[in-house]
>>> print(open('data-v7.csv').read())   # CSV, C-alpha atoms and all ligand atoms
chain,number,residue,atom,x,y,z
A,30,MET,CA,21.9,-6.2,-1.4
A,31,THR,CA,18.6,-4.7,-2.2
A,32,ALA,CA,16.4,-7.4,-3.7
A,33,GLN,CA,14.3,-9.2,-1.1
A,34,SER,CA,15.6,-12.7,-0.6
A,35,ASP,CA,14.3,-15.7,1.2
A,36,THR,CA,17.2,-15.6,3.6
A,37,LEU,CA,15.2,-13.9,6.3
A,38,ALA,CA,13.5,-17.2,7.3
A,39,THR,CA,15.2,-19.5,9.7
A,40,PRO,CA,15.0,-23.3,9.1
A,41,GLY,CA,12.0,-23.4,11.5
A,42,GLY,CA,10.2,-21.0,9.1
A,43,THR,CA,10.1,-18.0,11.5
A,44,PRO,CA,11.9,-14.9,10.4
A,45,ASP,CA,15.5,-14.3,11.5
A,46,PHE,CA,15.0,-10.8,13.1
A,47,ASP,CA,18.8,-10.3,13.3
A,48,LEU,CA,18.8,-10.3,9.5
A,49,VAL,CA,15.7,-8.1,9.5
A,50,ARG,CA,17.6,-5.5,11.6
A,51,GLN,CA,20.2,-5.3,8.8
A,52,ASP,CA,17.5,-4.2,6.4
A,53,PHE,CA,17.0,-1.0,8.5
A,54,PRO,CA,20.2,1.0,8.6
A,55,ARG,CA,18.6,3.4,11.0
A,56,ALA,CA,19.0,0.7,13.7
A,57,ARG,CA,22.8,1.1,13.5
A,58,THR,CA,22.9,4.7,14.5
A,59,ALA,CA,20.3,4.9,17.3
A,60,ALA,CA,17.8,2.9,19.4
A,61,TYR,CA,14.9,4.1,17.3
A,62,LEU,CA,11.8,3.3,19.3
A,63,ASP,CA,9.3,5.8,17.9
A,64,ASN,CA,7.8,3.8,15.0
A,65,ALA,CA,4.3,4.9,16.0
A,66,SER,CA,5.4,8.4,14.9
A,67,SER,CA,7.1,7.4,11.7
A,68,HIS,CA,8.7,4.1,10.6
A,69,PRO,CA,12.0,4.0,8.9
A,70,LEU,CA,12.2,2.7,5.3
A,71,SER,CA,13.9,-0.7,4.7
A,72,VAL,CA,16.7,-0.8,2.2
A,73,HIS,CA,14.4,-2.6,-0.2
A,74,SER,CA,11.8,0.2,-0.2
A,75,ALA,CA,14.5,2.8,-0.4
A,76,ALA,CA,16.1,1.0,-3.4
A,77,ALA,CA,12.7,0.8,-5.2
A,78,LEU,CA,12.3,4.5,-4.6
A,79,HIS,CA,15.8,5.2,-5.9
A,80,ARG,CA,15.0,3.3,-9.1
A,81,TYR,CA,11.9,5.4,-9.6
A,82,ILE,CA,13.7,8.6,-8.9
A,83,ASP,CA,16.5,7.6,-11.4
A,84,TRP,CA,13.8,7.0,-13.9
A,85,VAL,CA,12.0,10.3,-13.5
A,86,THR,CA,15.3,12.2,-13.3
A,87,HIS,CA,17.1,10.5,-16.2
A,88,GLU,CA,14.6,8.3,-17.8
A,89,VAL,CA,16.9,5.3,-17.4
A,90,GLY,CA,15.8,1.7,-17.3
A,91,GLU,CA,12.0,1.6,-17.8
A,92,PRO,CA,10.4,2.6,-21.1
A,93,TRP,CA,7.3,4.5,-19.9
A,94,TRP,CA,4.9,4.8,-17.0
A,95,PRO,CA,2.8,1.7,-17.3
A,96,SER,CA,5.6,-0.4,-15.8
A,97,TRP,CA,5.4,2.0,-12.8
A,98,ALA,CA,1.7,1.6,-12.6
A,99,ALA,CA,2.1,-2.0,-11.7
A,100,PRO,CA,3.1,-1.2,-8.1
A,101,ARG,CA,-0.1,0.7,-7.7
A,102,ASN,CA,-2.2,-2.4,-8.5
A,103,GLU,CA,0.0,-4.8,-6.6
A,104,SER,CA,0.1,-2.5,-3.5
A,105,LYS,CA,-3.7,-2.5,-3.5
A,106,HIS,CA,-3.9,-6.3,-3.7
A,107,LEU,CA,-1.3,-6.8,-1.0
A,108,PHE,CA,-3.0,-4.4,1.3
A,109,ALA,CA,-6.4,-6.1,0.7
A,110,ARG,CA,-4.9,-9.4,1.6
A,111,LEU,CA,-3.3,-8.0,4.7
A,112,ILE,CA,-6.7,-7.0,6.1
A,113,ASN,CA,-8.7,-9.8,4.5
A,114,ALA,CA,-10.7,-7.5,2.1
A,115,GLY,CA,-11.2,-7.8,-1.6
A,116,PRO,CA,-9.2,-5.5,-3.9
A,117,GLU,CA,-12.5,-4.1,-5.1
A,118,GLU,CA,-13.1,-2.9,-1.6
A,119,ILE,CA,-9.9,-0.8,-1.5
A,120,ALA,CA,-9.5,2.8,-2.7
A,121,PHE,CA,-6.2,4.7,-2.7
A,122,ALA,CA,-6.1,7.5,-0.2
A,123,ARG,CA,-3.7,10.2,0.7
A,124,SER,CA,-4.1,10.3,4.5
A,125,THR,CA,-6.0,8.5,7.2
A,126,ILE,CA,-7.7,11.6,8.4
A,127,GLU,CA,-8.5,12.8,4.9
A,128,ALA,CA,-10.0,9.4,4.1
A,129,GLU,CA,-12.1,9.4,7.2
A,130,SER,CA,-13.3,12.8,6.3
A,131,ASN,CA,-14.1,11.9,2.8
A,132,LEU,CA,-16.0,8.8,4.0
A,133,LEU,CA,-18.1,11.0,6.3
A,134,ASN,CA,-18.8,13.4,3.4
A,135,GLY,CA,-20.0,10.4,1.4
A,136,MET,CA,-22.2,9.3,4.3
A,137,ARG,CA,-23.8,12.7,4.8
A,138,GLU,CA,-27.2,11.5,3.9
A,139,TRP,CA,-26.9,8.4,6.1
A,140,LEU,CA,-25.6,10.4,9.1
A,141,SER,CA,-28.1,13.2,8.7
A,142,THR,CA,-30.8,11.5,10.7
A,143,GLY,CA,-28.7,10.1,13.5
A,144,ASN,CA,-25.7,10.2,15.7
A,145,VAL,CA,-22.1,9.2,15.7
A,146,VAL,CA,-20.4,7.5,18.7
A,147,THR,CA,-16.7,7.8,19.1
A,148,HIS,CA,-14.3,7.9,22.1
A,149,ASP,CA,-11.4,9.9,23.5
A,150,LEU,CA,-8.7,7.4,22.5
A,151,HIS,CA,-9.5,8.0,18.8
A,152,TYR,CA,-7.0,10.2,17.1
A,153,SER,CA,-7.2,13.9,18.0
A,154,ALA,CA,-7.6,15.2,14.4
A,155,ALA,CA,-10.4,12.7,13.8
A,156,LEU,CA,-12.2,14.0,16.9
A,157,TYR,CA,-11.6,17.5,15.7
A,158,ASN,CA,-13.4,16.5,12.5
A,159,TYR,CA,-16.4,15.2,14.4
A,160,LYS,CA,-16.5,18.4,16.6
A,161,MET,CA,-16.5,20.5,13.5
A,162,ARG,CA,-19.4,18.5,12.1
A,163,GLU,CA,-21.2,18.8,15.5
A,164,MET,CA,-21.1,22.6,14.9
A,165,GLU,CA,-23.0,21.8,11.6
A,166,GLY,CA,-25.7,19.8,13.5
A,167,LEU,CA,-24.3,16.3,13.7
A,168,ASP,CA,-25.1,14.6,17.0
A,169,VAL,CA,-21.6,13.4,18.2
A,170,ARG,CA,-21.2,11.4,21.4
A,171,VAL,CA,-17.6,11.1,22.8
A,172,VAL,CA,-17.2,8.3,25.3
A,173,LYS,CA,-14.4,8.8,27.9
A,174,HIS,CA,-11.9,6.1,28.5
A,175,ARG,CA,-11.6,4.5,32.0
A,176,ASP,CA,-8.1,3.5,33.1
A,177,TRP,CA,-6.8,4.0,29.5
A,178,GLY,CA,-9.2,1.6,27.9
A,179,ILE,CA,-12.8,1.7,26.6
A,180,ASP,CA,-15.4,-0.1,28.7
A,181,ILE,CA,-18.0,-1.5,26.2
A,182,ARG,CA,-20.7,-0.7,28.8
A,183,ASP,CA,-19.9,3.0,28.5
A,184,VAL,CA,-20.4,2.7,24.7
A,185,GLU,CA,-23.6,0.7,25.1
A,186,ARG,CA,-25.0,3.5,27.3
A,187,VAL,CA,-24.8,6.1,24.4
A,188,VAL,CA,-25.5,3.9,21.4
A,189,ASP,CA,-29.2,4.0,20.5
A,190,ARG,CA,-31.5,3.3,17.6
A,191,HIS,CA,-30.4,6.6,16.0
A,192,THR,CA,-26.7,5.7,16.0
A,193,ARG,CA,-25.4,5.5,12.5
A,194,LEU,CA,-21.7,5.1,13.0
A,195,ILE,CA,-19.2,4.0,15.7
A,196,SER,CA,-15.8,5.5,14.9
A,197,ILE,CA,-12.7,4.3,16.6
A,198,ALA,CA,-8.9,3.9,16.3
A,199,LEU,CA,-8.2,0.2,16.2
A,200,VAL,CA,-4.9,0.9,18.0
A,201,SER,CA,-4.7,4.2,19.9
A,202,ASN,CA,-1.8,6.5,19.1
A,203,VAL,CA,-1.9,7.7,22.7
A,204,ASN,CA,-1.1,4.4,24.6
A,205,GLY,CA,-1.5,1.6,22.0
A,206,TYR,CA,-4.8,0.5,23.4
A,207,LEU,CA,-6.2,-2.2,21.1
A,208,ALA,CA,-10.0,-1.8,20.8
A,209,ASP,CA,-12.4,-4.7,21.4
A,210,VAL,CA,-13.5,-4.2,17.9
A,211,LYS,CA,-15.7,-7.2,17.6
A,212,ALA,CA,-17.8,-6.2,20.6
A,213,LEU,CA,-18.1,-2.7,19.1
A,214,SER,CA,-19.0,-3.9,15.6
A,215,ASP,CA,-21.6,-6.3,17.1
A,216,LEU,CA,-23.0,-3.4,19.0
A,217,ALA,CA,-23.1,-1.2,15.9
A,218,HIS,CA,-24.7,-3.8,13.7
A,219,ALA,CA,-27.3,-4.7,16.4
A,220,HIS,CA,-28.4,-1.0,16.0
A,221,HIS,CA,-28.2,-1.0,12.2
A,222,ALA,CA,-25.2,1.2,12.4
A,223,TYR,CA,-21.7,0.7,11.0
A,224,LEU,CA,-18.2,0.6,12.3
A,225,TYR,CA,-15.2,2.7,11.1
A,226,ALA,CA,-11.7,1.8,12.3
A,227,ASP,CA,-8.7,4.1,11.9
A,228,ILE,CA,-6.0,1.4,11.4
A,229,ILE,CA,-2.9,3.4,10.9
A,230,GLN,CA,-1.4,2.2,14.2
A,231,ALA,CA,-2.5,-1.4,13.5
A,232,ALA,CA,-2.0,-2.3,9.9
A,233,GLY,CA,1.3,-4.2,9.5
A,234,ALA,CA,1.7,-4.5,13.3
A,235,VAL,CA,-1.3,-6.5,14.5
A,236,PRO,CA,-3.4,-9.0,12.6
A,237,ILE,CA,-6.5,-7.5,11.0
A,238,ASP,CA,-9.4,-9.3,9.5
A,239,VAL,CA,-12.1,-6.9,8.5
A,240,LYS,CA,-14.6,-9.6,7.9
A,241,ALA,CA,-14.1,-11.5,11.2
A,242,MET,CA,-13.8,-8.2,13.1
A,243,GLY,CA,-17.0,-6.8,11.5
A,244,ILE,CA,-15.2,-3.6,10.3
A,245,ASP,CA,-17.2,-1.9,7.7
A,246,PHE,CA,-14.8,1.0,6.8
A,247,ALA,CA,-11.2,1.5,7.6
A,248,ALA,CA,-8.3,3.8,6.5
A,249,CYS,CA,-4.6,4.2,6.9
A,250,SER,CA,-1.6,5.7,5.3
A,251,THR,CA,1.7,3.9,5.0
A,252,PHE,CA,4.3,5.8,7.0
A,253,LYS,CA,3.9,3.9,10.2
A,254,TRP,CA,3.7,0.1,10.5
A,255,LEU,CA,3.4,-0.3,6.8
A,256,MET,CA,6.9,1.0,6.5
A,257,GLY,CA,6.2,3.4,3.6
A,258,VAL,CA,6.0,7.1,3.1
A,259,LYS,CA,3.5,9.9,3.9
A,260,GLY,CA,0.8,11.0,1.5
A,261,PHE,CA,-0.2,7.5,0.3
A,262,GLY,CA,-2.6,5.0,1.9
A,263,PHE,CA,-5.8,3.1,1.6
A,264,LEU,CA,-9.5,3.3,2.3
A,265,TYR,CA,-11.5,0.2,2.8
A,266,VAL,CA,-15.3,0.4,2.1
A,267,ARG,CA,-17.3,-2.8,2.5
A,268,ALA,CA,-18.5,-3.8,-1.0
A,269,ASP,CA,-22.2,-3.7,-0.4
A,270,LEU,CA,-22.0,-0.3,1.2
A,271,GLN,CA,-20.3,1.3,-1.8
A,272,GLY,CA,-22.6,3.7,-3.7
A,273,THR,CA,-25.4,3.0,-1.2
A,274,VAL,CA,-24.4,4.1,2.3
A,275,VAL,CA,-21.2,5.7,1.1
A,276,LYS,CA,-21.7,7.9,-1.9
A,277,PRO,CA,-18.7,9.2,-3.9
A,278,SER,CA,-17.6,12.3,-2.2
A,279,GLN,CA,-14.8,13.6,-4.4
A,280,PRO,CA,-15.9,13.6,-8.0
A,281,SER,CA,-13.0,12.7,-10.3
A,282,GLY,CA,-12.9,11.5,-13.9
A,283,GLY,CA,-13.2,12.8,-17.5
A,284,VAL,CA,-15.9,14.3,-19.7
A,285,ARG,CA,-17.1,13.5,-23.2
A,286,PHE,CA,-17.6,16.4,-25.6
A,287,ASN,CA,-20.3,16.1,-28.2
A,288,TYR,CA,-19.7,19.1,-30.5
A,289,ALA,CA,-17.1,20.2,-33.0
A,290,PRO,CA,-14.2,20.4,-33.1
A,291,TRP,CA,-14.1,17.7,-30.4
A,292,VAL,CA,-16.1,15.3,-32.6
A,293,GLU,CA,-16.7,15.2,-36.3
A,294,LYS,CA,-20.3,14.2,-36.1
A,295,PRO,CA,-22.1,15.2,-32.9
A,296,ASP,CA,-24.7,12.7,-31.8
A,297,PRO,CA,-28.0,14.6,-31.5
A,298,GLY,CA,-29.2,12.1,-28.8
A,299,LEU,CA,-26.3,13.1,-26.4
A,300,PRO,CA,-25.7,16.3,-24.4
A,301,GLU,CA,-22.8,18.5,-25.4
A,302,VAL,CA,-20.8,17.5,-22.4
A,303,SER,CA,-21.4,14.3,-20.6
A,304,ILE,CA,-19.8,11.9,-18.1
A,305,THR,CA,-20.1,8.3,-17.0
A,306,PRO,CA,-20.1,8.3,-13.2
A,307,SER,CA,-17.4,6.0,-11.9
A,308,SER,CA,-18.3,3.2,-9.5
A,309,GLY,CA,-16.5,0.9,-7.1
A,310,PRO,CA,-13.3,2.0,-5.3
A,311,ALA,CA,-12.5,4.4,-8.2
A,312,SER,CA,-15.5,6.5,-7.1
A,313,TYR,CA,-13.6,7.3,-3.9
A,314,GLU,CA,-10.3,8.1,-5.6
A,315,VAL,CA,-9.1,11.4,-7.0
A,316,SER,CA,-6.7,11.6,-9.9
A,317,TYR,CA,-3.3,9.9,-9.6
A,318,PRO,CA,-2.2,8.3,-6.4
A,319,SER,CA,1.4,9.0,-5.3
A,320,TYR,CA,3.6,6.7,-7.4
A,321,GLU,CA,6.4,7.1,-4.8
A,322,GLY,CA,4.0,5.9,-2.2
A,323,ALA,CA,2.8,3.0,-4.2
A,324,ILE,CA,6.3,1.9,-5.0
A,325,CYS,CA,7.3,1.9,-1.4
A,326,ALA,CA,4.1,0.3,-0.3
A,327,GLN,CA,4.5,-2.5,-2.8
A,328,GLU,CA,7.9,-3.3,-1.5
A,329,SER,CA,7.1,-3.0,2.2
A,330,LEU,CA,3.8,-4.9,1.9
A,331,ARG,CA,5.7,-7.8,0.2
A,332,TYR,CA,8.2,-7.6,3.1
A,333,ILE,CA,5.5,-7.6,5.8
A,334,HIS,CA,3.7,-10.6,4.1
A,335,ARG,CA,7.0,-12.5,4.0
A,336,LEU,CA,7.6,-11.9,7.7
A,337,GLY,CA,4.0,-12.5,8.7
A,338,VAL,CA,2.1,-10.2,10.9
A,339,HIS,CA,1.8,-12.9,13.6
A,340,ASN,CA,5.6,-13.2,13.7
A,341,ILE,CA,6.0,-9.5,13.7
A,342,ARG,CA,3.6,-9.3,16.7
A,343,ASN,CA,5.4,-12.0,18.6
A,344,HIS,CA,8.8,-10.4,18.1
A,345,VAL,CA,7.6,-7.0,19.3
A,346,ARG,CA,5.6,-8.5,22.2
A,347,ALA,CA,8.8,-9.7,23.8
A,348,LEU,CA,10.1,-6.0,23.8
A,349,THR,CA,6.8,-4.4,24.9
A,350,ASP,CA,6.3,-7.0,27.7
A,351,ARG,CA,9.7,-6.2,29.1
A,352,LEU,CA,9.0,-2.4,29.1
A,353,GLN,CA,5.6,-3.1,30.8
A,354,GLU,CA,7.5,-5.1,33.4
A,355,GLU,CA,10.5,-2.9,34.1
A,356,LEU,CA,9.6,0.8,33.5
A,357,PRO,CA,7.0,1.0,36.3
A,358,ALA,CA,9.6,-0.5,38.7
A,359,ILE,CA,11.9,2.5,37.9
A,360,GLY,CA,9.3,5.2,38.4
A,361,TYR,CA,7.4,5.3,35.0
A,362,PRO,CA,3.8,4.0,35.6
A,363,SER,CA,2.2,2.4,32.6
A,364,ILE,CA,-0.9,3.8,31.0
A,365,THR,CA,-1.2,0.9,28.6
A,366,PRO,CA,-3.5,-1.9,29.8
A,367,ARG,CA,-1.6,-5.2,30.7
A,368,GLY,CA,-1.8,-7.9,28.0
A,369,ASN,CA,-2.7,-5.3,25.4
A,370,GLU,CA,-1.8,-6.7,22.0
A,371,SER,CA,-0.2,-3.8,20.1
A,372,PRO,CA,3.4,-2.6,19.6
A,373,VAL,CA,2.7,0.7,21.3
A,374,VAL,CA,3.2,1.2,25.1
A,375,ALA,CA,3.1,4.4,27.1
A,376,PHE,CA,4.2,5.5,30.5
A,377,VAL,CA,3.9,8.6,32.7
A,378,ALA,CA,7.1,10.6,33.1
A,379,GLN,CA,7.4,12.6,36.3
A,380,ASP,CA,9.9,15.1,34.7
A,381,PRO,CA,9.3,15.0,30.9
A,382,PRO,CA,12.2,17.4,29.9
A,383,SER,CA,14.7,15.5,32.0
A,384,THR,CA,13.5,12.2,30.6
A,385,MET,CA,13.8,13.4,27.0
A,386,THR,CA,17.3,14.8,27.7
A,387,LYS,CA,18.4,11.4,29.1
A,388,LEU,CA,17.0,9.6,26.1
A,389,ARG,CA,18.6,12.0,23.7
A,390,HIS,CA,22.0,11.6,25.3
A,391,ALA,CA,21.7,7.9,25.1
A,392,GLY,CA,20.7,7.9,21.5
A,393,VAL,CA,17.3,6.6,22.2
A,394,HIS,CA,14.3,7.8,20.2
A,395,ALA,CA,10.9,7.8,22.0
A,396,ALA,CA,8.0,10.2,21.9
A,397,MET,CA,6.7,12.5,24.7
A,398,ARG,CA,3.1,13.4,24.0
A,399,TRP,CA,0.2,15.1,25.9
A,400,GLY,CA,2.7,16.6,28.3
A,401,ASN,CA,4.0,13.7,30.3
A,402,LYS,CA,3.1,10.6,28.3
A,403,MET,CA,6.2,8.8,27.1
A,404,ARG,CA,5.3,6.6,24.2
A,405,ILE,CA,7.6,3.7,23.1
A,406,SER,CA,6.9,1.8,20.0
A,407,PRO,CA,9.3,-0.9,18.9
A,408,SER,CA,9.2,-2.6,15.5
A,409,VAL,CA,10.7,-5.5,13.6
A,410,PHE,CA,14.3,-4.2,13.6
A,411,ASN,CA,14.4,-3.4,17.3
A,412,ASN,CA,16.0,-5.9,19.8
A,413,GLN,CA,16.6,-6.3,23.5
A,414,GLU,CA,19.7,-4.2,23.2
A,415,ASP,CA,17.6,-1.2,22.3
A,416,ILE,CA,15.4,-1.9,25.3
A,417,ASP,CA,18.6,-2.2,27.5
A,418,ARG,CA,19.8,1.1,26.2
A,419,LEU,CA,16.5,2.8,27.1
A,420,LEU,CA,16.2,1.2,30.5
A,421,ARG,CA,19.8,2.1,31.3
A,422,ALA,CA,19.2,5.7,30.3
A,423,LEU,CA,16.2,6.1,32.6
A,424,SER,CA,17.3,4.1,35.6
B,501,LIG,C1,-4.3,6.9,15.1
B,501,LIG,C2,-3.8,7.9,14.1
B,501,LIG,N1,-4.7,8.3,13.1
B,501,LIG,C3,-4.3,9.2,12.1
B,501,LIG,C4,-3.0,9.7,12.1
B,501,LIG,C5,-2.7,10.7,11.0
B,501,LIG,O1,-2.5,9.9,9.8
B,501,LIG,P1,-2.5,10.6,8.4
B,501,LIG,O2,-1.3,11.5,8.3
B,501,LIG,O3,-2.4,9.4,7.4
B,501,LIG,O4,-3.8,11.4,8.2
B,501,LIG,C6,-2.1,9.3,13.0
B,501,LIG,C7,-0.7,9.9,13.0
B,501,LIG,O5,0.0,9.9,14.0
B,501,LIG,C8,-2.5,8.4,14.0
B,501,LIG,O6,-1.6,8.0,15.0
>>> encode(input="data-v7.csv", output="structure tokens")
Amino acid sequence: MTAQSDTLATPGGTPDFDLVRQDFPRARTAAYLDNASSHPLSVHSAAALHRYIDWVTHEVGEPWWPSWAAPRNESKHLFARLINAGPEEIAFARSTIEAESNLLNGMREWLSTGNVVTHDLHYSAALYNYKMREMEGLDVRVVKHRDWGIDIRDVERVVDRHTRLISIALVSNVNGYLADVKALSDLAHAHHAYLYADIIQAAGAVPIDVKAMGIDFAACSTFKWLMGVKGFGFLYVRADLQGTVVKPSQPSGGVRFNYAPWVEKPDPGLPEVSITPSSGPASYEVSYPSYEGAICAQESLRYIHRLGVHNIRNHVRALTDRLQEELPAIGYPSITPRGNESPVVAFVAQDPPSTMTKLRHAGVHAAMRWGNKMRISPSVFNNQEDIDRLLRALS
């Protein structure tokens, strides 16, 4: 069965996560607990992708590309709804890091007279981008975490009237730390600055409301908690900041020729070659987005909406709470703050190679990052048996 049905819901209205598990065949072969690296596809997204591949290979089924353009538009609407933005605030993007970089390019003028504040739990490649721009003269202030969280007072100390942007990861890829985003956006706005959130470790896994959270810009691609593929994602730019604070940074579009043989009668009032600059989200997009990405995203975003992000969060919380409880007791101290509301938890391993060997032998997938930091990131298809398997392997 590949079509999404309503059978996932129990009579009480909450999803039946045993049925959800069946939608992810990868759950049958291993305890895959590394969704923060890359999320498996559901059978529904895979089937949609197969239909597309059949069409591009054999031209079967669909007449021509407009029918495949529909997923593009629907994926944008579904994503906008997921984060409580308007579709006119969403541009297609290819990668989170590229989108943040394009955003910064578009904000060059705005940033040129001030500073950017970020912190060391933001994604490493994003910090690299800021350090590169620092070499070109941008004033960049990197706040250090305390006990694997960010103390707002440390941010307050470096934000000043010249701050133009606070840039964070909403959920850290290192330890899952969920930022106190409202406090940060309030701080930014009180200084006439803006807040950017990298939401790749959050979208689809934790509730996001860009309006209530005061997020001005955000970006993600779809291969993690949006259960899609690499190379396709979204950039959110608050409507009133489009074209003003954020200028288009990647010109893309077509030209009009005004001379023969392009036109029969050239218009003497027009230049020989002219353009109409695009506006809105299109002004942040280049050429075609990945159709493969859009097709997967359409299917997986439908799926996520059907499950409900709150239900997803509740399901995963039971698994991460148990890890937070039991792993420190067997010698793996946690570096994720207690009560943290994200699906990612991390622990210090005394002997990383031996830990990874034990996990591999037990058929358990987790990540070891930054030397000795074991990251575990369960999702909708994981269950307590997967956690049993991991705990057995490490005890
Ligand atoms: C927090 C965070 N930001 C950005 C990225 C990179 O995303 P992309 O490949 O979409 O640029 C990752 C990937 O692990 C991540 O965890």
>>> residues_near_ligand(input="data-v7.csv", ligand="ligand LIG 501 (chain B)", cutoff="9 Å", atoms="only C-alpha atoms and all ligand atoms", output="PyMOL selection string")
chain A and resi 65-67+122-129+150-155+197-203+227-231+248-253+259-262
>>> atom_distance(input="data-v7.csv", atom1="atom CA of Glu293 of chain A", atom2="atom CA of Ser307 of chain A")
26.1 Å
>>> closest_residue(input="data-v7.csv", among="A:Val275, A:Ala75, A:Ala208, A:Leu48", to="Gly178 of chain A", atoms="all atoms listed in the file")
A:Ala208
>>> atom_distance(input="data-v7.csv", atom1="atom CA of Leu423 of chain A", atom2="atom CA of Ser71 of chain A")
28.8 Å
>>> closest_residue(input="data-v7.csv", among="A:Asn369, A:Thr147, A:Ser303, A:Ser408", to="Leu70 of chain A", atoms="all atoms listed in the file")
A:Ser408
>>> closest_residue(input="data-v7.csv", among="A:Gly135, A:Gly233, A:Gly400, A:Gly337", to="Leu37 of chain A", atoms="all atoms listed in the file")
A:Gly337
>>> closest_residue(input="data-v7.csv", among="A:Ser424, A:Asn411, A:Ser281, A:Ser196", to="Val49 of chain A", atoms="all atoms listed in the file")
A:Asn411
>>> atom_distance(input="data-v7.csv", atom1="atom CA of Asn102 of chain A", atom2="atom CA of Asn343 of chain A")
29.7 Å
